[in-house]
>>> print(open('entry26.json').read())   # JSON, C-alpha atoms and all ligand atoms
[["chain", "number", "residue", "atom", "x", "y", "z"],
["I", 14, "MET", "CA", -30.27, -1.19, -5.30],
["I", 15, "THR", "CA", -29.57, 2.15, -6.96],
["I", 16, "LEU", "CA", -26.11, 2.24, -8.55],
["I", 17, "THR", "CA", -24.16, 5.47, -8.20],
["I", 18, "ILE", "CA", -21.58, 6.50, -10.78],
["I", 19, "ALA", "CA", -19.33, 9.45, -9.92],
["I", 20, "LEU", "CA", -18.13, 11.55, -12.85],
["I", 21, "PRO", "CA", -15.84, 14.60, -12.82],
["I", 22, "SER", "CA", -17.85, 17.77, -12.31],
["I", 23, "LYS", "CA", -15.11, 20.05, -13.61],
["I", 24, "GLY", "CA", -11.54, 20.13, -14.69],
["I", 25, "ARG", "CA", -9.63, 18.40, -17.42],
["I", 26, "MET", "CA", -11.46, 15.07, -17.24],
["I", 27, "LYS", "CA", -15.05, 16.26, -17.33],
["I", 28, "GLU", "CA", -15.77, 16.32, -21.06],
["I", 29, "ASP", "CA", -13.84, 13.16, -21.90],
["I", 30, "ALA", "CA", -15.53, 11.18, -19.12],
["I", 31, "THR", "CA", -19.05, 11.97, -20.28],
["I", 32, "ALA", "CA", -17.98, 11.34, -23.90],
["I", 33, "VAL", "CA", -16.86, 7.79, -23.00],
["I", 34, "PHE", "CA", -20.25, 7.05, -21.44],
["I", 35, "GLU", "CA", -22.00, 8.48, -24.48],
["I", 36, "ARG", "CA", -19.99, 6.23, -26.81],
["I", 37, "ALA", "CA", -20.78, 3.28, -24.56],
["I", 38, "GLY", "CA", -24.50, 3.90, -25.15],
["I", 39, "LEU", "CA", -24.95, 5.41, -21.68],
["I", 40, "PRO", "CA", -25.73, 9.10, -22.30],
["I", 41, "VAL", "CA", -25.43, 11.18, -19.16],
["I", 42, "SER", "CA", -27.69, 14.14, -18.47],
["I", 43, "ALA", "CA", -27.80, 16.52, -15.53],
["I", 44, "ILE", "CA", -30.94, 16.59, -13.42],
["I", 45, "GLY", "CA", -32.19, 20.16, -13.46],
["I", 46, "ASN", "CA", -29.74, 22.53, -15.09],
["I", 47, "ASP", "CA", -26.10, 22.25, -16.21],
["I", 48, "ARG", "CA", -24.83, 23.36, -12.81],
["I", 49, "SER", "CA", -26.54, 20.46, -11.07],
["I", 50, "TYR", "CA", -24.37, 17.95, -9.21],
["I", 51, "ARG", "CA", -26.74, 15.08, -9.86],
["I", 52, "GLY", "CA", -27.49, 13.35, -13.10],
["I", 53, "ARG", "CA", -28.83, 10.21, -14.67],
["I", 54, "ILE", "CA", -28.25, 7.90, -17.58],
["I", 55, "GLU", "CA", -30.94, 8.47, -20.17],
["I", 56, "GLY", "CA", -33.17, 5.46, -20.60],
["I", 57, "VAL", "CA", -31.68, 3.57, -17.66],
["I", 58, "ASP", "CA", -33.52, 3.34, -14.35],
["I", 59, "GLY", "CA", -31.86, 2.62, -11.04],
["I", 60, "VAL", "CA", -28.64, 4.45, -11.84],
["I", 61, "GLU", "CA", -27.75, 7.88, -10.54],
["I", 62, "VAL", "CA", -24.79, 10.05, -11.46],
["I", 63, "ALA", "CA", -22.96, 12.19, -8.90],
["I", 64, "PHE", "CA", -20.74, 14.95, -10.28],
["I", 65, "LEU", "CA", -17.71, 15.41, -8.02],
["I", 66, "SER", "CA", -14.11, 16.60, -8.40],
["I", 67, "ALA", "CA", -11.56, 14.00, -9.52],
["I", 68, "SER", "CA", -9.93, 13.86, -6.09],
["I", 69, "GLU", "CA", -13.29, 13.52, -4.29],
["I", 70, "ILE", "CA", -14.20, 10.65, -6.60],
["I", 71, "ALA", "CA", -11.12, 8.71, -5.47],
["I", 72, "ARG", "CA", -12.05, 9.22, -1.81],
["I", 73, "GLU", "CA", -15.72, 8.32, -2.30],
["I", 74, "LEU", "CA", -14.73, 5.08, -4.08],
["I", 75, "GLY", "CA", -12.51, 4.19, -1.12],
["I", 76, "ALA", "CA", -15.35, 4.88, 1.30],
["I", 77, "GLY", "CA", -17.71, 2.75, -0.79],
["I", 78, "ALA", "CA", -20.06, 5.73, -1.06],
["I", 79, "VAL", "CA", -20.29, 5.29, -4.85],
["I", 80, "ASP", "CA", -20.25, 2.13, -6.98],
["I", 81, "PHE", "CA", -18.23, 3.41, -9.92],
["I", 82, "GLY", "CA", -16.14, 6.47, -10.58],
["I", 83, "VAL", "CA", -14.07, 7.99, -13.34],
["I", 84, "THR", "CA", -10.85, 9.47, -12.04],
["I", 85, "GLY", "CA", -7.07, 9.32, -12.41],
["I", 86, "GLU", "CA", -5.20, 6.24, -11.22],
["I", 87, "ASP", "CA", -2.73, 8.57, -9.47],
["I", 88, "LEU", "CA", -5.51, 10.00, -7.29],
["I", 89, "VAL", "CA", -6.83, 6.51, -6.50],
["I", 90, "ARG", "CA", -3.43, 5.18, -5.44],
["I", 91, "GLU", "CA", -2.58, 8.34, -3.54],
["I", 92, "SER", "CA", -5.89, 8.53, -1.65],
["I", 93, "LEU", "CA", -6.36, 4.87, -0.79],
["I", 94, "PRO", "CA", -4.03, 2.63, 1.17],
["I", 95, "ARG", "CA", -4.08, -0.92, -0.30],
["I", 96, "ALA", "CA", -6.12, 0.42, -3.19],
["I", 97, "ASP", "CA", -6.38, -2.91, -5.02],
["I", 98, "GLU", "CA", -8.22, -4.49, -2.11],
["I", 99, "ARG", "CA", -10.79, -1.72, -2.06],
["I", 100, "VAL", "CA", -11.31, -0.91, -5.71],
["I", 101, "GLU", "CA", -10.96, -2.49, -9.12],
["I", 102, "ILE", "CA", -9.57, -0.64, -12.13],
["I", 103, "ALA", "CA", -12.32, -1.76, -14.49],
["I", 104, "ALA", "CA", -11.11, 0.03, -17.63],
["I", 105, "ARG", "CA", -8.36, 2.41, -18.72],
["I", 106, "LEU", "CA", -10.04, 5.16, -20.65],
["I", 107, "GLY", "CA", -7.26, 6.55, -22.84],
["I", 108, "PHE", "CA", -7.27, 10.18, -21.68],
["I", 109, "GLY", "CA", -5.90, 12.15, -18.74],
["I", 110, "HIS", "CA", -2.45, 10.66, -19.20],
["I", 111, "ALA", "CA", 0.14, 11.93, -16.71],
["I", 112, "ASP", "CA", 3.24, 10.35, -15.18],
["I", 113, "VAL", "CA", 4.04, 10.76, -11.49],
["I", 114, "VAL", "CA", 7.82, 11.27, -11.49],
["I", 115, "VAL", "CA", 10.86, 12.00, -9.36],
["I", 116, "ALA", "CA", 12.69, 15.04, -10.75],
["I", 117, "VAL", "CA", 15.93, 16.64, -9.63],
["I", 118, "PRO", "CA", 17.64, 19.91, -10.60],
["I", 119, "ASP", "CA", 19.38, 19.70, -13.98],
["I", 120, "ILE", "CA", 22.63, 20.73, -12.35],
["I", 121, "TRP", "CA", 22.78, 17.51, -10.27],
["I", 122, "LYS", "CA", 24.86, 15.97, -13.05],
["I", 123, "ASP", "CA", 25.94, 12.90, -11.07],
["I", 124, "VAL", "CA", 22.40, 11.91, -10.10],
["I", 125, "ASP", "CA", 20.77, 9.83, -12.81],
["I", 126, "THR", "CA", 19.09, 6.96, -10.94],
["I", 127, "MET", "CA", 17.24, 6.29, -7.68],
["I", 128, "ALA", "CA", 20.37, 4.52, -6.43],
["I", 129, "ASP", "CA", 22.36, 7.72, -7.05],
["I", 130, "LEU", "CA", 19.66, 9.65, -5.20],
["I", 131, "GLY", "CA", 19.90, 7.16, -2.31],
["I", 132, "ASP", "CA", 23.63, 7.96, -2.08],
["I", 133, "VAL", "CA", 22.89, 11.68, -2.04],
["I", 134, "ALA", "CA", 20.24, 11.20, 0.67],
["I", 135, "ALA", "CA", 22.64, 9.10, 2.78],
["I", 136, "ASP", "CA", 25.22, 11.84, 3.15],
["I", 137, "PHE", "CA", 22.95, 14.84, 2.83],
["I", 138, "ARG", "CA", 22.92, 15.56, 6.57],
["I", 139, "ALA", "CA", 26.70, 15.37, 6.82],
["I", 140, "ARG", "CA", 27.06, 17.78, 3.92],
["I", 141, "HIS", "CA", 24.16, 20.14, 4.55],
["I", 142, "GLY", "CA", 23.16, 19.64, 8.18],
["I", 143, "ARG", "CA", 19.61, 18.48, 7.29],
["I", 144, "ARG", "CA", 17.75, 15.78, 5.40],
["I", 145, "LEU", "CA", 17.07, 15.80, 1.67],
["I", 146, "THR", "CA", 13.65, 17.40, 1.15],
["I", 147, "ILE", "CA", 11.04, 16.41, -1.44],
["I", 148, "ALA", "CA", 8.20, 18.75, -2.43],
["I", 149, "THR", "CA", 5.04, 16.88, -3.37],
["I", 150, "LYS", "CA", 1.31, 16.46, -2.88],
["I", 151, "TYR", "CA", 1.77, 12.71, -3.48],
["I", 152, "TRP", "CA", 2.78, 11.65, 0.06],
["I", 153, "ARG", "CA", 1.75, 8.04, -0.15],
["I", 154, "LEU", "CA", 3.19, 7.35, -3.61],
["I", 155, "THR", "CA", 6.44, 9.07, -2.62],
["I", 156, "GLN", "CA", 6.84, 7.11, 0.62],
["I", 157, "ASN", "CA", 6.07, 3.79, -1.10],
["I", 158, "PHE", "CA", 8.51, 4.48, -3.91],
["I", 159, "PHE", "CA", 11.36, 5.85, -1.82],
["I", 160, "SER", "CA", 11.10, 3.75, 1.33],
["I", 161, "THR", "CA", 9.50, 0.46, 0.30],
["I", 162, "ARG", "CA", 10.66, 0.13, -3.29],
["I", 163, "HIS", "CA", 14.12, 1.73, -3.07],
["I", 164, "GLY", "CA", 15.01, 1.48, 0.62],
["I", 165, "ILE", "CA", 15.67, 5.20, 0.90],
["I", 166, "GLN", "CA", 14.69, 6.35, 4.39],
["I", 167, "LEU", "CA", 16.61, 9.59, 4.91],
["I", 168, "TYR", "CA", 14.41, 12.28, 3.45],
["I", 169, "ARG", "CA", 11.66, 14.66, 4.49],
["I", 170, "ILE", "CA", 8.51, 15.45, 2.56],
["I", 171, "VAL", "CA", 7.48, 19.08, 2.27],
["I", 172, "GLU", "CA", 3.84, 19.36, 1.35],
["I", 173, "SER", "CA", 3.25, 21.31, -1.83],
["I", 174, "LEU", "CA", -0.23, 21.94, -3.11],
["I", 175, "GLY", "CA", 0.70, 24.01, -6.14],
["I", 176, "ALA", "CA", 3.63, 25.18, -8.27],
["I", 177, "THR", "CA", 5.62, 22.20, -7.01],
["I", 178, "GLU", "CA", 8.16, 22.53, -9.81],
["I", 179, "GLY", "CA", 9.20, 25.90, -8.38],
["I", 180, "ALA", "CA", 10.20, 24.45, -5.01],
["I", 181, "PRO", "CA", 13.87, 23.64, -5.78],
["I", 182, "ALA", "CA", 14.56, 27.09, -7.24],
["I", 183, "SER", "CA", 12.85, 28.88, -4.34],
["I", 184, "GLY", "CA", 14.68, 26.76, -1.77],
["I", 185, "ALA", "CA", 11.46, 25.22, -0.42],
["I", 186, "ALA", "CA", 12.76, 21.69, -1.23],
["I", 187, "ASP", "CA", 15.67, 19.95, -2.95],
["I", 188, "ILE", "CA", 13.77, 17.75, -5.40],
["I", 189, "ILE", "CA", 10.15, 17.08, -6.38],
["I", 190, "VAL", "CA", 7.62, 14.33, -7.03],
["I", 191, "ASP", "CA", 4.85, 15.55, -9.32],
["I", 192, "ILE", "CA", 2.89, 14.75, -12.43],
["I", 193, "THR", "CA", 4.04, 15.61, -15.88],
["I", 194, "SER", "CA", 2.43, 15.19, -19.26],
["I", 195, "THR", "CA", 4.33, 17.14, -21.92],
["I", 196, "GLY", "CA", 7.37, 17.75, -19.70],
["I", 197, "SER", "CA", 7.41, 21.45, -20.46],
["I", 198, "THR", "CA", 6.88, 22.58, -16.85],
["I", 199, "LEU", "CA", 9.82, 20.47, -15.69],
["I", 200, "THR", "CA", 12.03, 21.82, -18.48],
["I", 201, "ALA", "CA", 11.03, 25.41, -17.76],
["I", 202, "ASN", "CA", 12.05, 24.89, -14.14],
["I", 203, "HIS", "CA", 15.38, 23.21, -14.99],
["I", 204, "LEU", "CA", 14.34, 19.85, -13.60],
["I", 205, "ARG", "CA", 15.11, 16.39, -15.00],
["I", 206, "ILE", "CA", 13.32, 13.05, -14.45],
["I", 207, "LEU", "CA", 15.58, 10.30, -13.07],
["I", 208, "SER", "CA", 16.08, 7.47, -15.56],
["I", 209, "ASP", "CA", 14.20, 5.06, -13.25],
["I", 210, "GLY", "CA", 12.14, 7.82, -11.66],
["I", 211, "VAL", "CA", 8.68, 7.14, -13.09],
["I", 212, "ILE", "CA", 6.54, 6.15, -10.09],
["I", 213, "LEU", "CA", 3.28, 5.66, -11.96],
["I", 214, "ARG", "CA", 1.97, 6.05, -15.48],
["I", 215, "SER", "CA", -1.49, 7.36, -14.77],
["I", 216, "GLU", "CA", -4.55, 7.87, -16.93],
["I", 217, "ALA", "CA", -8.27, 8.28, -16.36],
["I", 218, "CYS", "CA", -9.90, 4.99, -15.38],
["I", 219, "LEU", "CA", -13.33, 3.56, -14.76],
["I", 220, "VAL", "CA", -12.95, 2.38, -11.17],
["I", 221, "ARG", "CA", -15.34, 0.06, -9.29],
["I", 222, "ALA", "CA", -15.64, 0.05, -5.51],
["I", 223, "ARG", "CA", -15.41, -3.59, -4.37],
["I", 224, "LYS", "CA", -18.77, -4.18, -2.69],
["I", 225, "PRO", "CA", -20.29, -7.57, -1.82],
["I", 226, "ALA", "CA", -23.63, -6.58, -3.35],
["I", 227, "HIS", "CA", -21.99, -6.31, -6.78],
["I", 228, "GLY", "CA", -21.46, -10.06, -6.94],
["I", 229, "ASP", "CA", -24.97, -10.96, -8.03],
["I", 230, "ASP", "CA", -25.90, -7.78, -9.85],
["I", 231, "PRO", "CA", -25.79, -8.29, -13.64],
["I", 232, "ARG", "CA", -25.76, -4.51, -14.23],
["I", 233, "ILE", "CA", -22.20, -4.33, -12.90],
["I", 234, "GLU", "CA", -20.66, -6.57, -15.58],
["I", 235, "ALA", "CA", -22.88, -5.03, -18.25],
["I", 236, "LEU", "CA", -21.73, -1.51, -17.42],
["I", 237, "MET", "CA", -18.05, -2.47, -17.37],
["I", 238, "ALA", "CA", -18.40, -4.37, -20.66],
["I", 239, "ALA", "CA", -20.13, -1.42, -22.34],
["I", 240, "VAL", "CA", -17.34, 0.96, -21.34],
["I", 241, "ARG", "CA", -14.53, -1.49, -22.16],
["I", 242, "ALA", "CA", -16.00, -1.97, -25.62],
["I", 243, "VAL", "CA", -15.36, 1.66, -26.53],
["I", 244, "CYS", "CA", -11.90, 2.15, -24.97],
["Z", 301, "LIG", "N1", -1.09, 18.12, -17.11],
["Z", 301, "LIG", "C1", -1.80, 17.65, -16.08],
["Z", 301, "LIG", "N2", -1.77, 18.29, -14.92],
["Z", 301, "LIG", "C2", -2.48, 17.86, -13.86],
["Z", 301, "LIG", "N3", -3.26, 16.75, -13.86],
["Z", 301, "LIG", "C3", -3.30, 16.07, -14.99],
["Z", 301, "LIG", "C4", -2.59, 16.47, -16.14],
["Z", 301, "LIG", "N4", -2.85, 15.59, -17.10],
["Z", 301, "LIG", "C5", -3.68, 14.68, -16.57],
["Z", 301, "LIG", "N5", -3.94, 14.95, -15.29],
["Z", 301, "LIG", "C6", -4.76, 14.16, -14.38],
["Z", 301, "LIG", "O1", -5.94, 14.85, -14.05],
["Z", 301, "LIG", "C7", -6.37, 14.50, -12.73],
["Z", 301, "LIG", "C8", -6.63, 15.75, -11.93],
["Z", 301, "LIG", "O2", -7.62, 16.45, -12.58],
["Z", 301, "LIG", "P1", -8.16, 17.83, -12.05],
["Z", 301, "LIG", "O3", -7.01, 18.75, -11.77],
["Z", 301, "LIG", "O4", -9.22, 18.25, -12.99],
["Z", 301, "LIG", "O5", -8.90, 17.36, -10.74],
["Z", 301, "LIG", "P2", -8.78, 17.64, -9.20],
["Z", 301, "LIG", "O6", -7.42, 17.30, -8.71],
["Z", 301, "LIG", "O7", -9.94, 16.98, -8.56],
["Z", 301, "LIG", "O8", -9.04, 19.16, -9.12],
["Z", 301, "LIG", "P3", -9.06, 19.95, -7.78],
["Z", 301, "LIG", "O9", -7.61, 19.95, -7.33],
["Z", 301, "LIG", "O10", -9.54, 21.29, -8.24],
["Z", 301, "LIG", "O11", -9.99, 19.23, -6.86],
["Z", 301, "LIG", "C9", -5.27, 13.62, -12.13],
["Z", 301, "LIG", "O12", -5.67, 12.27, -12.19],
["Z", 301, "LIG", "C10", -4.09, 13.86, -13.05],
["Z", 301, "LIG", "O13", -3.25, 12.75, -13.18],
["Z", 302, "LIG", "O1", 4.23, 18.26, -18.14],
["Z", 302, "LIG", "P1", 3.31, 19.43, -18.38],
["Z", 302, "LIG", "O2", 2.51, 19.27, -19.63],
["Z", 302, "LIG", "O3", 4.03, 20.74, -18.31],
["Z", 302, "LIG", "O4", 2.19, 19.42, -17.24],
["Z", 302, "LIG", "C1", 2.49, 19.32, -15.87],
["Z", 302, "LIG", "C2", 1.89, 20.40, -15.07],
["Z", 302, "LIG", "O5", 0.49, 20.49, -15.29],
["Z", 302, "LIG", "C3", -0.18, 20.49, -14.04],
["Z", 302, "LIG", "O6", -0.45, 21.73, -13.59],
["Z", 302, "LIG", "P2", -1.63, 22.63, -14.15],
["Z", 302, "LIG", "O7", -1.11, 23.99, -14.29],
["Z", 302, "LIG", "O8", -2.26, 22.03, -15.35],
["Z", 302, "LIG", "O9", -2.70, 22.67, -13.05],
["Z", 302, "LIG", "P3", -2.96, 21.99, -11.66],
["Z", 302, "LIG", "O10", -1.62, 21.72, -10.99],
["Z", 302, "LIG", "O11", -3.75, 23.01, -10.94],
["Z", 302, "LIG", "O12", -3.72, 20.75, -11.95],
["Z", 302, "LIG", "C4", 0.77, 19.76, -13.11],
["Z", 302, "LIG", "O13", 0.59, 20.09, -11.75],
["Z", 302, "LIG", "C5", 2.12, 20.13, -13.61],
["Z", 302, "LIG", "O14", 2.58, 21.30, -12.98]]
>>> encode(input="entry26.json", output="structure tokens")
Amino acid sequence: MTLTIALPSKGRMKEDATAVFERAGLPVSAIGNDRSYRGRIEGVDGVEVAFLSASEIARELGAGAVDFGVTGEDLVRESLPRADERVEIAARLGFGHADVVVAVPDIWKDVDTMADLGDVAADFRARHGRRLTIATKYWRLTQNFFSTRHGIQLYRIVESLGATEGAPASGAADIIVDITSTGSTLTANHLRILSDGVILRSEACLVRARKPAHGDDPRIEALMAAVRAVC
């Protein structure tokens, strides 16, 4: 069986992902030229590399279309329901750190915790004639955190695919769920993370699709061990 490893083709994770494989003694090279979306591991037969975007890698892992992928844990948990049944986080790679957080306008002085936010959501309609709105591209993580974890049901998600931090100021939504790394975008937009508002601490991971055929394939453990040894 040919093993397929999906690595980021672009974006912030690309260089670091190939560097990890290099350190693990698994140097990746593109087939053809640098713009190629297929590659291989030098000196290793039976392994092919597919270069995809970080979000595609999460989806392909869920579909079992690739054996391994390097992508952010946030994208894995957002793309895949019951992610742990379908994939294994084989190694945390130490780059691509970003927290998925709940942030509210600075001027909401009385709102410091999710419980406070639950109180706001409960009487939002009475006060404003509509539900509390949350701008995010992280639908699944938001619903799990608000509804399942904190029992907050009275809200509406407004899909935001970019410039999410601008949504409260523009009136597109009341609060946001988004990723932050340095915090400077939140600060610039006068937003504040709730004290218990970190939904997920994400980083780039080596992720394995759970496939029955992996059980008796010694290359699977060997590959995970090689990567773990350098992280
Ligand atoms: N400051 C940051 N902003 C956005 N993503 C970050 C940041 N730091 C780390 N990441 C992580 O990078 C990953 C997203 O990477 P990137 O934007 O390159 O991929 P992508 O979402 O596939 O791109 P595209 O949206 O173009 O398909 C996520 O896992 C995210 O958590
Ligand atoms: O906490 P900070 O360090 O300010 O980083 C957080 C910001 O970085 C990302 O956007 P970016 O402009 O990098 O691009 P993207 O949204 O297109 O990925 C992300 O969507 C946040 O807006």
>>> closest_atom_pairs(input="entry26.json", of="chain I", to="ligand LIG 301 (chain Z)", cutoff="7 Å", atoms="only C-alpha atoms and all ligand atoms", output="tab-separated table")
residue	atom	partner	partner_atom	distance
I:Lys23	CA	Z:LIG301	O4	6.2
I:Gly24	CA	Z:LIG301	O4	3.4
I:Arg25	CA	Z:LIG301	O4	4.5
I:Met26	CA	Z:LIG301	O4	5.8
I:Ser66	CA	Z:LIG301	O7	4.2
I:Ala67	CA	Z:LIG301	O7	3.5
I:Ser68	CA	Z:LIG301	O7	4.0
I:Glu69	CA	Z:LIG301	O7	6.4
I:Thr84	CA	Z:LIG301	O12	5.9
I:Gly85	CA	Z:LIG301	O12	3.3
I:Glu86	CA	Z:LIG301	O12	6.1
I:Asp87	CA	Z:LIG301	O12	5.5
I:Leu88	CA	Z:LIG301	O12	5.4
I:Gly109	CA	Z:LIG301	C5	4.0
I:His110	CA	Z:LIG301	C5	5.0
I:Ala111	CA	Z:LIG301	C5	4.7
I:Ile192	CA	Z:LIG301	N2	6.4
I:Thr193	CA	Z:LIG301	N1	5.8
I:Ser194	CA	Z:LIG301	N1	5.1
I:Ser215	CA	Z:LIG301	O13	5.9
I:Glu216	CA	Z:LIG301	O13	6.3
I:Ala217	CA	Z:LIG301	O12	6.3
>>> atom_distance(input="entry26.json", atom1="CA of Val113 (chain I)", atom2="CA of Ala128 (chain I)")
18.2 Å
>>> axis_aligned_box(input="entry26.json", around="ligand LIG 302 (chain Z)", padding_each_side="5 Å", output="lines of an AutoDock Vina configuration file")
center_x = 0.2
center_y = 21.1
center_z = -15.3
size_x = 18.0
size_y = 15.7
size_z = 18.7
>>> closest_residue(input="entry26.json", among="I:Lys150, I:Arg169, I:Arg232, I:His227", to="ligand LIG 302 (chain Z)", atoms="all atoms listed in the file")
I:Lys150
>>> residues_near_ligand(input="entry26.json", ligand="ligand LIG 302 (chain Z)", cutoff="9 Å", atoms="all atoms listed in the file", output="PyMOL selection string")
chain I and resi 24-25+111-112+174-178+191-201
>>> write_last_selection(input="entry26.json", atoms="C-alpha atoms", output="compact mmCIF listing (two decimals), in the coordinates of the input")
# COMPACT_ATOMS: atom_id res chain seq x y z
CA GLY I 24 -11.54 20.13 -14.69
CA ARG I 25 -9.63 18.40 -17.42
CA ALA I 111 0.14 11.93 -16.71
CA ASP I 112 3.24 10.35 -15.18
CA LEU I 174 -0.23 21.94 -3.11
CA GLY I 175 0.70 24.01 -6.14
CA ALA I 176 3.63 25.18 -8.27
CA THR I 177 5.62 22.20 -7.01
CA GLU I 178 8.16 22.53 -9.81
CA ASP I 191 4.85 15.55 -9.32
CA ILE I 192 2.89 14.75 -12.43
CA THR I 193 4.04 15.61 -15.88
CA SER I 194 2.43 15.19 -19.26
CA THR I 195 4.33 17.14 -21.92
CA GLY I 196 7.37 17.75 -19.70
CA SER I 197 7.41 21.45 -20.46
CA THR I 198 6.88 22.58 -16.85
CA LEU I 199 9.82 20.47 -15.69
CA THR I 200 12.03 21.82 -18.48
CA ALA I 201 11.03 25.41 -17.76
>>> residues_around(input="entry26.json", residues="Arg153 (chain I)", least_positions_apart="5", cutoff="9 Å", atoms="all atoms listed in the file", output="PyMOL selection string")
chain I and resi 90-94+158
>>> atom_distance(input="entry26.json", atom1="CA of Val60 (chain I)", atom2="CA of Val100 (chain I)")
19.1 Å
>>> residues_around(input="entry26.json", residues="Ser42 (chain I)", least_positions_apart="4", cutoff="8 Å", atoms="only C-alpha atoms", output="JSON, numbers by chain")
{"I": [52, 53, 54, 55]}
>>> closest_residue(input="entry26.json", among="I:Val41, I:Ala78, I:Phe137, I:Val211", to="Lys27 (chain I)", atoms="only C-alpha atoms")
I:Val41
>>> closest_residue(input="entry26.json", among="I:Tyr168, I:Phe108, I:Trp121, I:Tyr151", to="Cys218 (chain I)", atoms="all atoms listed in the file")
I:Phe108
>>> atom_distance(input="entry26.json", atom1="CA of Val83 (chain I)", atom2="CA of Arg241 (chain I)")
13.0 Å
>>> build_atoms(input="entry26.json", residues="region 101-119 of chain I", atoms="N, CA and C atoms", output="PDB file, in the coordinates of the input")
ATOM      1  N   GLU I 101     -11.439  -1.803  -7.930  1.00  0.00           N
ATOM      2  CA  GLU I 101     -10.960  -2.490  -9.120  1.00  0.00           C
ATOM      3  C   GLU I 101     -10.842  -1.472 -10.252  1.00  0.00           C
ATOM      4  N   ILE I 102      -9.688  -1.474 -10.922  1.00  0.00           N
ATOM      5  CA  ILE I 102      -9.570  -0.640 -12.130  1.00  0.00           C
ATOM      6  C   ILE I 102     -10.290  -1.421 -13.226  1.00  0.00           C
ATOM      7  N   ALA I 103     -11.491  -0.986 -13.560  1.00  0.00           N
ATOM      8  CA  ALA I 103     -12.320  -1.760 -14.490  1.00  0.00           C
ATOM      9  C   ALA I 103     -11.966  -1.500 -15.943  1.00  0.00           C
ATOM     10  N   ALA I 104     -11.506  -0.294 -16.254  1.00  0.00           N
ATOM     11  CA  ALA I 104     -11.110   0.030 -17.630  1.00  0.00           C
ATOM     12  C   ALA I 104     -10.196   1.249 -17.614  1.00  0.00           C
ATOM     13  N   ARG I 105      -9.216   1.224 -18.511  1.00  0.00           N
ATOM     14  CA  ARG I 105      -8.360   2.410 -18.720  1.00  0.00           C
ATOM     15  C   ARG I 105      -8.956   3.155 -19.895  1.00  0.00           C
ATOM     16  N   LEU I 106      -9.159   4.453 -19.718  1.00  0.00           N
ATOM     17  CA  LEU I 106     -10.040   5.160 -20.650  1.00  0.00           C
ATOM     18  C   LEU I 106      -9.316   5.924 -21.755  1.00  0.00           C
ATOM     19  N   GLY I 107      -7.995   5.970 -21.715  1.00  0.00           N
ATOM     20  CA  GLY I 107      -7.260   6.550 -22.840  1.00  0.00           C
ATOM     21  C   GLY I 107      -7.185   8.069 -22.874  1.00  0.00           C
ATOM     22  N   PHE I 108      -7.497   8.736 -21.762  1.00  0.00           N
ATOM     23  CA  PHE I 108      -7.270  10.180 -21.680  1.00  0.00           C
ATOM     24  C   PHE I 108      -6.752  10.498 -20.278  1.00  0.00           C
ATOM     25  N   GLY I 109      -6.398  11.760 -20.064  1.00  0.00           N
ATOM     26  CA  GLY I 109      -5.900  12.150 -18.740  1.00  0.00           C
ATOM     27  C   GLY I 109      -4.552  11.529 -18.408  1.00  0.00           C
ATOM     28  N   HIS I 110      -3.758  11.268 -19.442  1.00  0.00           N
ATOM     29  CA  HIS I 110      -2.450  10.660 -19.200  1.00  0.00           C
ATOM     30  C   HIS I 110      -1.529  11.626 -18.455  1.00  0.00           C
ATOM     31  N   ALA I 111      -0.869  11.141 -17.428  1.00  0.00           N
ATOM     32  CA  ALA I 111       0.140  11.930 -16.710  1.00  0.00           C
ATOM     33  C   ALA I 111       1.019  10.949 -15.939  1.00  0.00           C
ATOM     34  N   ASP I 112       2.321  11.205 -15.942  1.00  0.00           N
ATOM     35  CA  ASP I 112       3.240  10.350 -15.180  1.00  0.00           C
ATOM     36  C   ASP I 112       3.564  11.032 -13.850  1.00  0.00           C
ATOM     37  N   VAL I 113       3.551  10.254 -12.775  1.00  0.00           N
ATOM     38  CA  VAL I 113       4.040  10.760 -11.490  1.00  0.00           C
ATOM     39  C   VAL I 113       5.538  10.431 -11.457  1.00  0.00           C
ATOM     40  N   VAL I 114       6.373  11.471 -11.327  1.00  0.00           N
ATOM     41  CA  VAL I 114       7.820  11.270 -11.490  1.00  0.00           C
ATOM     42  C   VAL I 114       8.640  11.910 -10.374  1.00  0.00           C
ATOM     43  N   VAL I 115       9.863  11.382 -10.229  1.00  0.00           N
ATOM     44  CA  VAL I 115      10.860  12.000  -9.360  1.00  0.00           C
ATOM     45  C   VAL I 115      11.758  12.856 -10.249  1.00  0.00           C
ATOM     46  N   ALA I 116      11.850  14.150  -9.939  1.00  0.00           N
ATOM     47  CA  ALA I 116      12.690  15.040 -10.750  1.00  0.00           C
ATOM     48  C   ALA I 116      13.661  15.809  -9.865  1.00  0.00           C
ATOM     49  N   VAL I 117      14.863  15.953 -10.378  1.00  0.00           N
ATOM     50  CA  VAL I 117      15.930  16.640  -9.630  1.00  0.00           C
ATOM     51  C   VAL I 117      16.422  17.826 -10.456  1.00  0.00           C
ATOM     52  N   PRO I 118      17.108  18.781  -9.824  1.00  0.00           N
ATOM     53  CA  PRO I 118      17.640  19.910 -10.600  1.00  0.00           C
ATOM     54  C   PRO I 118      18.611  19.412 -11.678  1.00  0.00           C
ATOM     55  N   ASP I 119      18.495  20.016 -12.847  1.00  0.00           N
ATOM     56  CA  ASP I 119      19.380  19.700 -13.980  1.00  0.00           C
ATOM     57  C   ASP I 119      20.856  19.678 -13.585  1.00  0.00           C
TER      58      ASP I 119
END
